[in-house]
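*Asks:* If it helps, the file is called work-v9.txt and holds compact mmCIF, N, CA, C and O atoms:
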# COMPACT_ATOMS: atom_id res chain seq x y z
N MET A 1 -9.73 42.52 -1.68
CA MET A 1 -9.62 41.77 -2.92
C MET A 1 -10.86 42.06 -3.76
O MET A 1 -11.97 42.08 -3.26
N LYS A 2 -10.65 42.24 -5.03
CA LYS A 2 -11.76 42.48 -5.93
C LYS A 2 -12.42 41.18 -6.31
O LYS A 2 -11.78 40.12 -6.34
N ARG A 3 -13.69 41.26 -6.58
CA ARG A 3 -14.47 40.07 -6.93
C ARG A 3 -13.89 39.35 -8.15
O ARG A 3 -13.78 38.13 -8.17
N ARG A 4 -13.49 40.09 -9.16
CA ARG A 4 -12.94 39.49 -10.37
C ARG A 4 -11.68 38.70 -10.05
O ARG A 4 -11.51 37.57 -10.52
N ASN A 5 -10.79 39.25 -9.24
CA ASN A 5 -9.56 38.53 -8.86
C ASN A 5 -9.89 37.27 -8.07
O ASN A 5 -9.27 36.23 -8.25
N PHE A 6 -10.87 37.40 -7.18
CA PHE A 6 -11.28 36.23 -6.40
C PHE A 6 -11.79 35.12 -7.31
O PHE A 6 -11.43 33.96 -7.15
N LEU A 7 -12.63 35.46 -8.28
CA LEU A 7 -13.16 34.46 -9.19
C LEU A 7 -12.07 33.82 -10.04
O LEU A 7 -12.07 32.61 -10.26
N ILE A 8 -11.13 34.60 -10.50
CA ILE A 8 -10.02 34.06 -11.30
C ILE A 8 -9.19 33.11 -10.46
O ILE A 8 -8.87 32.00 -10.88
N GLN A 9 -8.84 33.52 -9.25
CA GLN A 9 -8.02 32.67 -8.39
C GLN A 9 -8.78 31.41 -7.97
O GLN A 9 -8.20 30.34 -7.87
N SER A 10 -10.07 31.54 -7.72
CA SER A 10 -10.88 30.36 -7.38
C SER A 10 -10.92 29.38 -8.54
O SER A 10 -10.84 28.17 -8.35
N GLY A 11 -11.06 29.90 -9.76
CA GLY A 11 -11.06 29.04 -10.94
C GLY A 11 -9.74 28.32 -11.12
O GLY A 11 -9.71 27.13 -11.44
N ILE A 12 -8.65 29.03 -10.91
CA ILE A 12 -7.32 28.40 -11.03
C ILE A 12 -7.16 27.32 -9.97
O ILE A 12 -6.69 26.22 -10.25
N PHE A 13 -7.56 27.62 -8.73
CA PHE A 13 -7.47 26.63 -7.66
C PHE A 13 -8.32 25.40 -7.97
O PHE A 13 -7.87 24.27 -7.80
N SER A 14 -9.54 25.61 -8.44
CA SER A 14 -10.43 24.50 -8.76
C SER A 14 -9.85 23.63 -9.87
O SER A 14 -9.88 22.40 -9.79
N ALA A 15 -9.32 24.27 -10.90
CA ALA A 15 -8.73 23.51 -12.00
C ALA A 15 -7.53 22.70 -11.53
O ALA A 15 -7.34 21.54 -11.92
N THR A 16 -6.72 23.30 -10.66
CA THR A 16 -5.57 22.60 -10.10
C THR A 16 -6.01 21.40 -9.27
O THR A 16 -5.46 20.32 -9.37
N ALA A 17 -7.03 21.60 -8.44
CA ALA A 17 -7.53 20.51 -7.59
C ALA A 17 -8.10 19.38 -8.42
O ALA A 17 -7.84 18.20 -8.16
N ILE A 18 -8.87 19.71 -9.45
CA ILE A 18 -9.45 18.67 -10.31
C ILE A 18 -8.35 17.91 -11.03
O ILE A 18 -8.40 16.68 -11.15
N THR A 19 -7.34 18.60 -11.50
CA THR A 19 -6.22 17.94 -12.18
C THR A 19 -5.51 17.00 -11.21
O THR A 19 -5.18 15.87 -11.57
N ALA A 20 -5.28 17.44 -9.98
CA ALA A 20 -4.61 16.61 -8.99
C ALA A 20 -5.44 15.37 -8.66
O ALA A 20 -4.91 14.27 -8.57
N ILE A 21 -6.73 15.54 -8.50
CA ILE A 21 -7.60 14.40 -8.20
C ILE A 21 -7.61 13.42 -9.36
O ILE A 21 -7.50 12.21 -9.17
N SER A 22 -7.70 13.94 -10.57
CA SER A 22 -7.73 13.07 -11.75
C SER A 22 -6.44 12.28 -11.87
O SER A 22 -6.46 11.08 -12.13
N SER A 23 -5.30 12.94 -11.68
CA SER A 23 -4.03 12.22 -11.81
C SER A 23 -3.87 11.20 -10.71
O SER A 23 -3.34 10.11 -10.93
N ASN A 24 -4.34 11.51 -9.50
CA ASN A 24 -4.27 10.53 -8.41
C ASN A 24 -5.18 9.34 -8.68
O ASN A 24 -4.84 8.21 -8.36
N ALA A 25 -6.32 9.57 -9.27
CA ALA A 25 -7.22 8.47 -9.60
C ALA A 25 -6.60 7.55 -10.64
O ALA A 25 -6.71 6.33 -10.56
N ILE A 26 -5.92 8.14 -11.62
CA ILE A 26 -5.25 7.32 -12.64
C ILE A 26 -4.14 6.50 -12.02
O ILE A 26 -3.99 5.32 -12.30
N VAL A 27 -3.35 7.11 -11.13
CA VAL A 27 -2.28 6.39 -10.45
C VAL A 27 -2.85 5.27 -9.60
O VAL A 27 -2.35 4.14 -9.61
N ALA A 28 -3.91 5.55 -8.87
CA ALA A 28 -4.52 4.53 -8.01
C ALA A 28 -5.06 3.38 -8.84
O ALA A 28 -4.93 2.22 -8.47
N ARG A 29 -5.67 3.67 -9.97
CA ARG A 29 -6.22 2.64 -10.83
C ARG A 29 -5.10 1.79 -11.43
O ARG A 29 -5.19 0.58 -11.51
N SER A 30 -4.00 2.43 -11.84
CA SER A 30 -2.92 1.69 -12.47
C SER A 30 -2.10 0.91 -11.46
O SER A 30 -1.42 -0.04 -11.81
N ALA A 31 -2.17 1.29 -10.17
CA ALA A 31 -1.41 0.58 -9.15
C ALA A 31 -1.93 -0.82 -8.93
O ALA A 31 -1.17 -1.72 -8.59
N ASN A 32 -3.20 -1.05 -9.13
CA ASN A 32 -3.78 -2.37 -8.95
C ASN A 32 -4.79 -2.62 -10.07
O ASN A 32 -5.99 -2.54 -9.85
N PRO A 33 -4.32 -2.93 -11.27
CA PRO A 33 -5.22 -3.04 -12.42
C PRO A 33 -6.18 -4.22 -12.36
O PRO A 33 -7.20 -4.23 -13.03
N ASN A 34 -5.89 -5.22 -11.53
CA ASN A 34 -6.75 -6.41 -11.47
C ASN A 34 -7.80 -6.34 -10.37
O ASN A 34 -8.51 -7.30 -10.14
N SER A 35 -7.88 -5.23 -9.70
CA SER A 35 -8.82 -5.10 -8.58
C SER A 35 -10.25 -4.96 -9.09
O SER A 35 -10.54 -4.18 -9.98
N ASP A 36 -11.16 -5.74 -8.48
CA ASP A 36 -12.58 -5.65 -8.81
C ASP A 36 -13.34 -4.84 -7.77
O ASP A 36 -14.54 -4.71 -7.86
N GLN A 37 -12.63 -4.32 -6.78
CA GLN A 37 -13.29 -3.58 -5.72
C GLN A 37 -13.86 -2.28 -6.25
O GLN A 37 -13.20 -1.56 -6.98
N LYS A 38 -15.09 -2.00 -5.85
CA LYS A 38 -15.73 -0.74 -6.22
C LYS A 38 -15.43 0.28 -5.14
O LYS A 38 -15.25 -0.06 -3.97
N ARG A 39 -15.35 1.53 -5.52
CA ARG A 39 -15.09 2.62 -4.60
C ARG A 39 -16.19 3.65 -4.70
O ARG A 39 -16.70 3.92 -5.78
N LEU A 40 -16.54 4.22 -3.58
CA LEU A 40 -17.46 5.34 -3.55
C LEU A 40 -16.64 6.56 -3.19
O LEU A 40 -16.06 6.64 -2.11
N ILE A 41 -16.57 7.49 -4.11
CA ILE A 41 -15.82 8.72 -3.89
C ILE A 41 -16.82 9.86 -3.88
O ILE A 41 -17.57 10.03 -4.84
N VAL A 42 -16.83 10.61 -2.80
CA VAL A 42 -17.76 11.72 -2.67
C VAL A 42 -16.96 13.02 -2.65
O VAL A 42 -16.04 13.17 -1.85
N ILE A 43 -17.31 13.92 -3.54
CA ILE A 43 -16.65 15.22 -3.60
C ILE A 43 -17.73 16.28 -3.44
O ILE A 43 -18.66 16.35 -4.23
N PHE A 44 -17.62 17.09 -2.39
CA PHE A 44 -18.56 18.16 -2.16
C PHE A 44 -18.00 19.42 -2.80
O PHE A 44 -16.97 19.93 -2.38
N LEU A 45 -18.67 19.91 -3.81
CA LEU A 45 -18.17 21.06 -4.55
C LEU A 45 -18.70 22.38 -4.05
O LEU A 45 -18.16 23.43 -4.35
N ARG A 46 -19.79 22.37 -3.33
CA ARG A 46 -20.31 23.62 -2.81
C ARG A 46 -21.03 23.34 -1.50
O ARG A 46 -21.53 22.26 -1.27
N GLY A 47 -21.05 24.33 -0.68
CA GLY A 47 -21.71 24.17 0.61
C GLY A 47 -20.98 23.16 1.48
O GLY A 47 -19.80 22.92 1.33
N ALA A 48 -21.71 22.59 2.37
CA ALA A 48 -21.11 21.62 3.28
C ALA A 48 -22.15 20.58 3.64
O ALA A 48 -23.35 20.83 3.59
N VAL A 49 -21.68 19.43 4.00
CA VAL A 49 -22.58 18.38 4.45
C VAL A 49 -22.77 18.56 5.96
O VAL A 49 -21.85 18.90 6.68
N ASP A 50 -23.97 18.36 6.40
CA ASP A 50 -24.28 18.45 7.82
C ASP A 50 -24.17 17.04 8.39
O ASP A 50 -25.07 16.21 8.22
N GLY A 51 -23.05 16.76 9.01
CA GLY A 51 -22.77 15.41 9.50
C GLY A 51 -23.84 14.86 10.43
O GLY A 51 -24.12 13.67 10.43
N LEU A 52 -24.48 15.73 11.22
CA LEU A 52 -25.52 15.26 12.14
C LEU A 52 -26.81 14.92 11.42
O LEU A 52 -27.70 14.32 12.01
N ASN A 53 -26.94 15.31 10.17
CA ASN A 53 -28.12 14.90 9.40
C ASN A 53 -27.76 13.85 8.36
O ASN A 53 -28.60 13.48 7.56
N VAL A 54 -26.55 13.36 8.36
CA VAL A 54 -26.15 12.23 7.53
C VAL A 54 -26.20 10.97 8.38
O VAL A 54 -26.88 10.01 8.07
N VAL A 55 -25.45 10.98 9.47
CA VAL A 55 -25.52 9.91 10.48
C VAL A 55 -26.13 10.56 11.71
O VAL A 55 -25.47 11.29 12.43
N VAL A 56 -27.41 10.29 11.91
CA VAL A 56 -28.22 11.00 12.89
C VAL A 56 -28.17 10.29 14.25
O VAL A 56 -28.48 9.09 14.33
N PRO A 57 -27.81 11.00 15.31
CA PRO A 57 -27.85 10.41 16.66
C PRO A 57 -29.28 10.46 17.21
O PRO A 57 -29.59 11.19 18.15
N TYR A 58 -30.15 9.66 16.62
CA TYR A 58 -31.58 9.79 16.91
C TYR A 58 -31.96 9.39 18.33
O TYR A 58 -33.04 9.74 18.80
N SER A 59 -31.10 8.72 19.05
CA SER A 59 -31.42 8.36 20.43
C SER A 59 -31.11 9.49 21.41
O SER A 59 -31.46 9.40 22.58
N GLU A 60 -30.48 10.55 20.93
CA GLU A 60 -30.13 11.69 21.77
C GLU A 60 -31.23 12.75 21.73
O GLU A 60 -31.52 13.31 20.66
N THR A 61 -31.81 13.05 22.86
CA THR A 61 -32.85 14.08 22.90
C THR A 61 -32.26 15.46 22.59
O THR A 61 -32.95 16.33 22.05
N ALA A 62 -30.98 15.66 22.92
CA ALA A 62 -30.34 16.95 22.67
C ALA A 62 -30.32 17.26 21.17
O ALA A 62 -30.40 18.43 20.78
N TYR A 63 -30.23 16.23 20.32
CA TYR A 63 -30.25 16.44 18.86
C TYR A 63 -31.56 17.09 18.45
O TYR A 63 -31.57 18.05 17.69
N TYR A 64 -32.67 16.58 18.95
CA TYR A 64 -33.98 17.11 18.58
C TYR A 64 -34.26 18.46 19.24
O TYR A 64 -34.95 19.30 18.68
N GLN A 65 -33.71 18.68 20.43
CA GLN A 65 -33.88 19.97 21.09
C GLN A 65 -33.10 21.06 20.37
O GLN A 65 -33.56 22.20 20.25
N ALA A 66 -31.91 20.72 19.88
CA ALA A 66 -31.06 21.72 19.23
C ALA A 66 -31.48 21.99 17.79
O ALA A 66 -31.14 23.04 17.24
N ARG A 67 -32.22 21.06 17.19
CA ARG A 67 -32.59 21.19 15.77
C ARG A 67 -34.08 20.96 15.55
O ARG A 67 -34.46 20.08 14.78
N PRO A 68 -34.92 21.73 16.17
CA PRO A 68 -36.36 21.44 16.07
C PRO A 68 -36.91 21.57 14.64
O PRO A 68 -37.87 20.89 14.30
N GLN A 69 -36.29 22.38 13.81
CA GLN A 69 -36.81 22.59 12.45
C GLN A 69 -36.16 21.68 11.41
O GLN A 69 -36.76 21.41 10.37
N ILE A 70 -34.92 21.22 11.66
CA ILE A 70 -34.20 20.46 10.62
C ILE A 70 -33.85 19.04 11.03
O ILE A 70 -33.22 18.32 10.27
N ALA A 71 -34.24 18.61 12.22
CA ALA A 71 -33.92 17.26 12.68
C ALA A 71 -34.63 16.22 11.80
O ALA A 71 -35.77 16.41 11.39
N ILE A 72 -33.95 15.13 11.53
CA ILE A 72 -34.53 14.02 10.77
C ILE A 72 -35.29 13.15 11.77
O ILE A 72 -34.76 12.79 12.82
N PRO A 73 -36.54 12.80 11.47
CA PRO A 73 -37.34 12.01 12.42
C PRO A 73 -36.71 10.65 12.76
O PRO A 73 -35.90 10.12 12.00
N GLN A 74 -37.14 10.11 13.88
CA GLN A 74 -36.64 8.81 14.33
C GLN A 74 -37.14 7.70 13.39
O GLN A 74 -38.08 7.89 12.63
N PRO A 75 -36.48 6.52 13.44
CA PRO A 75 -36.92 5.40 12.60
C PRO A 75 -38.39 5.06 12.85
O PRO A 75 -38.89 5.19 13.97
N GLY A 76 -39.07 4.67 11.81
CA GLY A 76 -40.47 4.30 11.91
C GLY A 76 -41.43 5.45 11.66
O GLY A 76 -42.61 5.24 11.42
N LYS A 77 -40.92 6.67 11.71
CA LYS A 77 -41.76 7.84 11.42
C LYS A 77 -41.58 8.22 9.95
O LYS A 77 -40.59 7.85 9.32
N GLU A 78 -42.54 8.95 9.43
CA GLU A 78 -42.46 9.37 8.03
C GLU A 78 -41.19 10.19 7.79
O GLU A 78 -40.92 11.15 8.51
N GLY A 79 -40.40 9.78 6.80
CA GLY A 79 -39.14 10.46 6.50
C GLY A 79 -38.07 10.22 7.54
O GLY A 79 -37.09 10.96 7.60
N GLY A 80 -38.25 9.17 8.35
CA GLY A 80 -37.33 8.89 9.43
C GLY A 80 -36.02 8.27 8.97
O GLY A 80 -35.90 7.78 7.86
N VAL A 81 -35.05 8.32 9.88
CA VAL A 81 -33.73 7.75 9.60
C VAL A 81 -33.82 6.23 9.47
O VAL A 81 -34.77 5.61 9.94
N ILE A 82 -32.81 5.67 8.85
CA ILE A 82 -32.70 4.21 8.72
C ILE A 82 -31.80 3.76 9.86
O ILE A 82 -30.64 4.16 9.95
N ASP A 83 -32.33 2.93 10.74
CA ASP A 83 -31.59 2.50 11.92
C ASP A 83 -30.32 1.77 11.55
O ASP A 83 -30.32 0.88 10.70
N LEU A 84 -29.22 2.15 12.22
CA LEU A 84 -27.94 1.47 12.00
C LEU A 84 -27.59 0.55 13.17
O LEU A 84 -27.16 -0.57 12.95
N ASP A 85 -27.78 1.06 14.39
CA ASP A 85 -27.35 0.26 15.54
C ASP A 85 -28.19 0.47 16.79
O ASP A 85 -27.77 0.11 17.88
N GLY A 86 -29.35 1.08 16.66
CA GLY A 86 -30.18 1.35 17.82
C GLY A 86 -29.93 2.72 18.43
O GLY A 86 -30.70 3.16 19.28
N ARG A 87 -28.87 3.39 18.02
CA ARG A 87 -28.57 4.73 18.52
C ARG A 87 -28.41 5.74 17.39
O ARG A 87 -28.74 6.89 17.54
N PHE A 88 -27.83 5.29 16.29
CA PHE A 88 -27.57 6.15 15.14
C PHE A 88 -28.36 5.65 13.94
O PHE A 88 -28.63 4.45 13.82
N GLY A 89 -28.70 6.60 13.06
CA GLY A 89 -29.43 6.24 11.85
C GLY A 89 -28.89 6.99 10.66
O GLY A 89 -28.34 8.08 10.78
N LEU A 90 -29.08 6.40 9.50
CA LEU A 90 -28.62 6.98 8.25
C LEU A 90 -29.75 7.80 7.63
O LEU A 90 -30.91 7.40 7.68
N HIS A 91 -29.41 8.95 7.08
CA HIS A 91 -30.40 9.79 6.41
C HIS A 91 -31.14 8.95 5.38
O HIS A 91 -30.53 8.15 4.66
N PRO A 92 -32.46 9.08 5.26
CA PRO A 92 -33.23 8.24 4.34
C PRO A 92 -32.81 8.37 2.88
O PRO A 92 -32.94 7.42 2.11
N ALA A 93 -32.24 9.50 2.49
CA ALA A 93 -31.78 9.66 1.10
C ALA A 93 -30.56 8.80 0.80
O ALA A 93 -30.23 8.57 -0.35
N LEU A 94 -29.91 8.29 1.85
CA LEU A 94 -28.73 7.46 1.67
C LEU A 94 -29.04 5.96 1.77
O LEU A 94 -28.15 5.15 1.95
N ALA A 95 -30.30 5.61 1.61
CA ALA A 95 -30.72 4.21 1.68
C ALA A 95 -29.94 3.29 0.73
O ALA A 95 -29.67 2.14 1.09
N PRO A 96 -29.53 3.75 -0.46
CA PRO A 96 -28.75 2.87 -1.34
C PRO A 96 -27.42 2.41 -0.74
O PRO A 96 -26.82 1.45 -1.22
N LEU A 97 -26.94 3.06 0.33
CA LEU A 97 -25.69 2.65 0.97
C LEU A 97 -25.89 1.54 1.99
O LEU A 97 -24.91 0.97 2.48
N MET A 98 -27.12 1.21 2.32
CA MET A 98 -27.38 0.21 3.36
C MET A 98 -26.79 -1.17 3.05
O MET A 98 -26.27 -1.82 3.96
N PRO A 99 -26.82 -1.66 1.81
CA PRO A 99 -26.18 -2.97 1.56
C PRO A 99 -24.69 -2.97 1.93
O PRO A 99 -24.20 -3.96 2.50
N GLU A 100 -23.98 -1.88 1.65
CA GLU A 100 -22.57 -1.81 2.03
C GLU A 100 -22.41 -1.78 3.55
O GLU A 100 -21.49 -2.38 4.09
N TRP A 101 -23.31 -1.09 4.23
CA TRP A 101 -23.26 -1.06 5.70
C TRP A 101 -23.47 -2.48 6.25
O TRP A 101 -22.74 -2.93 7.12
N GLN A 102 -24.46 -3.18 5.72
CA GLN A 102 -24.78 -4.52 6.21
C GLN A 102 -23.67 -5.53 5.91
O GLN A 102 -23.49 -6.49 6.65
N GLU A 103 -22.89 -5.28 4.86
CA GLU A 103 -21.76 -6.15 4.53
C GLU A 103 -20.47 -5.72 5.22
O GLU A 103 -19.42 -6.30 4.99
N ASN A 104 -20.55 -4.70 6.06
CA ASN A 104 -19.38 -4.12 6.73
C ASN A 104 -18.33 -3.66 5.75
O ASN A 104 -17.13 -3.71 6.03
N SER A 105 -18.74 -3.22 4.57
CA SER A 105 -17.78 -2.72 3.59
C SER A 105 -17.83 -1.21 3.45
O SER A 105 -17.08 -0.65 2.67
N LEU A 106 -18.70 -0.55 4.19
CA LEU A 106 -18.77 0.90 4.17
C LEU A 106 -17.73 1.43 5.14
O LEU A 106 -17.68 1.02 6.29
N ALA A 107 -16.86 2.31 4.67
CA ALA A 107 -15.79 2.83 5.51
C ALA A 107 -16.32 3.38 6.81
O ALA A 107 -17.28 4.15 6.83
N GLY A 108 -15.73 2.97 7.89
CA GLY A 108 -16.13 3.45 9.19
C GLY A 108 -17.36 2.75 9.76
O GLY A 108 -17.86 3.13 10.78
N SER A 109 -17.85 1.71 9.09
CA SER A 109 -19.08 1.07 9.55
C SER A 109 -18.93 0.42 10.92
O SER A 109 -19.88 0.32 11.65
N ASN A 110 -17.73 0.01 11.26
CA ASN A 110 -17.53 -0.61 12.57
C ASN A 110 -17.26 0.41 13.66
O ASN A 110 -17.30 0.09 14.83
N ALA A 111 -16.99 1.65 13.28
CA ALA A 111 -16.65 2.68 14.27
C ALA A 111 -17.84 3.02 15.15
O ALA A 111 -17.67 3.31 16.33
N ILE A 112 -19.04 2.96 14.61
CA ILE A 112 -20.22 3.32 15.39
C ILE A 112 -20.65 2.17 16.29
O ILE A 112 -21.11 2.39 17.39
N LEU A 113 -20.45 0.96 15.85
CA LEU A 113 -20.85 -0.19 16.67
C LEU A 113 -19.95 -0.29 17.84
O LEU A 113 -19.97 -0.46 18.86
Translate the structure described by the file into structure tokens.
*Replies:*
Amino acid sequence: MKRRNFLIQSGIFSATAITAISSNAIVARSANPNSDQKRLIVIFLRGAVDGLNVVVPYSETAYYQARPQIAIPQPGKEGGVIDLDGRFGLHPALAPLMPEWQENSLAGSNAIL
């Protein structure tokens, strides 16, 4: 495949995906117009999220052995994770999500406990 064709097809796919997401958001909003619930929607447009550095299994020594250069420090250390349950921690950049975690309104918050 030529680079130009790849870029054209990627652009068409992206435009289609954005249109689909937008139309679904409008449908979801119109389905319950009186809802005051806030939603957090995360869309990763490039690269990938490293799940082990978002919710860090800081009590596992294997995590630190496998990732000596990129591991997030344990709670209490400089740049350390924010403790969630004594075993897992949230990346420090995600500190604004802690109120939702504490209110049990963050999706999946009970799955780790």
*Asks:* Could you jot down the atom N of Ala66 (chain A) to atom N of Pro92 (chain A) separation for me, Å, one decimal place?
*Replies:*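 Here the two named atoms are 18.7 Å from each other.
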*Asks:* Grab the atom O of Ala15 (chain A) to atom O of Asp50 (chain A) distance for me, in Å with one decimal place.
*Replies:* 27.4 Å
*Asks:* When you draw a straight line from atom O of Gly89 (chain A) to atom N of Tyr58 (chain A), how long is it in Å?
*Replies:*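 Calculated distance between atom O of Gly89 (chain A) and atom N of Tyr58 (chain A) is 6.3 Å.
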*Asks:* Contacts of region 80-87 of chain A at 8 Å or less, counting only C-alpha atoms, minus same-chain residues fewer than 4 places along, as an MDAnalysis selection string?
*Replies:* chainID A and resid 56:60 72:76 91:92 95 112:113
